[in-house]
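Participant: Here you go, one structure.
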Amino acid sequence: MKIAIFPGSFDPVTLGHDSIVRRALPLFDKIIVAIGVNAEKSGYFAIEKRLDWLKQTFSDLPQVSVESYNGLTVDFCKKMNASYIIRGLRTSADFEFERSVAQVNLKLVPDIETVFLLTLPEYVMITSSIVREVHKHGGHIGQFIPEKISI
Ligand code: ADP
């Protein structure tokens with residue numbers, strides 16, 4: 001059984017995240033979308049809300065479950081029996097950062113592979129941080145988030 005973790009902050013979930021999960025589906029038997037909880041950074045939206053929005057977004061996909069975790073992503077992978085980590089790549093800056101994280105993760109646990117999917121061009125400009133900024137100042141974020149959810 002091929003199990004993958006799609007880790008992130010999902011603060012909030014965007015069309016970019018939704019697209020990555022749906023495109024990754026044929027590659028794995030099960031995908032666990034997982035919010036990494038950082039004790040030092042509480043984030044913008046509450047974890048409970050972020051979990052709820054993720055659950056609603058993927059409610060039509062029985063192969064997808066939603067969790068949150070503390071600590072290292074590779075430790076959470078081991079706990080869930082996942083051998084793959086999914087990450088999306090938008091820009092070369094994403095690539096430089098993700099390469100380091102993936103290479104460190106490989107040093108920590110050699111048998112967990114990170115799999116990268118390129119963002120669809122129409123979603124390259126969508127980042128959770130920009131969506132938060134628009135939300136904070138009262139702008140409409142509907143066009144950046146999955147249709148099923150309302151924030
Ligand atoms: P993190 O704080 O770990 O980067 P995010 O929630 O911002 O968490 O992103 C989680 C994953 O989703 C990352 O792999 C990121 O590259 C990917 N991602 C974010 N935005 C997009 C997008 N617009 N298109 C495709 N992938 C994206």
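Residue numbering restarts at 1 for every chain of the structure tokens, chains are lettered A, B, ... in their displayed order, and ligands are numbered from 1 as they appear.
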Please identify all polymer residues within 10 Å of Pro121 in chain A, counting only C-alpha atoms, omitting same-chain residues fewer than 4 positions from it, and present them as a list of chain:residue names.

Facilitator: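 So, after excluding close chain neighbours, the residues are A:Gly16, A:Arg90, A:Met125.
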
Participant: Hey, which bits of chain A sit within 6 Å of ligand 1, and for each residue what's the closest pair of atoms and how far apart in Å (one decimal), counting only C-alpha atoms and all ligand atoms, rows by chain and increasing number, as a Markdown table?

Facilitator:
```
| residue | atom | partner | partner_atom_place_in_ligand_line | distance |
| --- | --- | --- | --- | --- |
| A:Pro7 | CA | ligand 1 | 10 (C) | 6.0 |
| A:Gly8 | CA | ligand 1 | 8 (O) | 3.4 |
| A:Ser9 | CA | ligand 1 | 6 (O) | 3.8 |
| A:Phe10 | CA | ligand 1 | 6 (O) | 3.7 |
| A:Gly16 | CA | ligand 1 | 24 (N) | 3.4 |
| A:His17 | CA | ligand 1 | 27 (C) | 5.0 |
| A:Ile20 | CA | ligand 1 | 25 (C) | 5.7 |
| A:Arg87 | CA | ligand 1 | 14 (O) | 3.4 |
| A:Gly88 | CA | ligand 1 | 16 (O) | 3.8 |
| A:Leu89 | CA | ligand 1 | 16 (O) | 4.9 |
| A:Thr119 | CA | ligand 1 | 25 (C) | 4.2 |
| A:Tyr123 | CA | ligand 1 | 23 (N) | 4.6 |
| A:Val124 | CA | ligand 1 | 23 (N) | 5.0 |
| A:Ile126 | CA | ligand 1 | 23 (N) | 4.3 |
| A:Thr127 | CA | ligand 1 | 20 (N) | 4.9 |
| A:Ser128 | CA | ligand 1 | 7 (O) | 5.7 |
```

Participant: Which parts of range 18-76 of chain A does DSSP call strand (DSSP E or B) when run on the backbone here, written out as a PyMOL selection string?

Facilitator: chain A and resi 30-37+64-70

Participant: Which residue is closest to Asp11 in chain A? Choose from A:Glu48, A:Glu40, A:Asp60, A:Asp111 and count only C-alpha atoms.

Facilitator: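 Looking at the shortest contact to Asp11 in chain A, the residue is A:Glu48.
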
Participant: Give me, as a ChimeraX atom specification, all polymer residues having an atom no more than 10 Å from range 97-99 of chain A, counting only C-alpha atoms and skipping those fewer than 3 positions away in the same chain.

Facilitator: /A:87-89,92-94,102-105,114,116

Participant: Restricting the calculation to only C-alpha atoms: of A:Gly71, A:Leu118, A:Met1, A:Phe95, which residue gets closest to Ala39 in chain A?

Facilitator: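 Using only C-alpha atoms, the shortest distance to Ala39 in chain A belongs to A:Gly71.
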
Participant: Got a sec: who's within 9 Å of Val66 in chain A, counting only C-alpha atoms, leaving out chain neighbours fewer than 4 positions off, as a list in words?

Facilitator: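 Using only C-alpha atoms, the neighbours found are Ile31, Ile32, Val33, Ala34, Ile35, Leu51, Asp52, Leu54, Lys55 and Phe58 of chain A.
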
Participant: I need the residues of chain A that end up classed as alpha helix (DSSP H) by DSSP on the backbone, written out as a ChimeraX atom specification.

Facilitator: /A:15-24,47-57,73-80,92-108,128-136

Participant: One decimal, Å: what's the distance from CA of Ser150 in chain A over to CA of Leu15 in chain A, could you say?

Facilitator: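 Value for the CA of Ser150 in chain A-CA of Leu15 in chain A distance: 12.9 Å.
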
Participant: How many Å lie between CA of Phe6 in chain A and CA of Leu120 in chain A, rounded to one decimal?

Facilitator: 16.9 Å

Participant: Using only C-alpha atoms, which residue out of A:Glu133, A:Asp75, A:Asp18, A:Glu96 lies closest to Ile149 in chain A?

Facilitator: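 Smallest distance to Ile149 in chain A is found for A:Asp18.
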
Participant: Measuring between only C-alpha atoms, which one of A:Pro12, A:Gly139, A:Pro26, A:Gly36 shows the shortest distance to Glu67 in chain A?

Facilitator: A:Gly36

Participant: Between CA of Phe28 in chain A and CA of Val64 in chain A, measure the distance and give it in Å to one decimal.

Facilitator: 10.0 Å
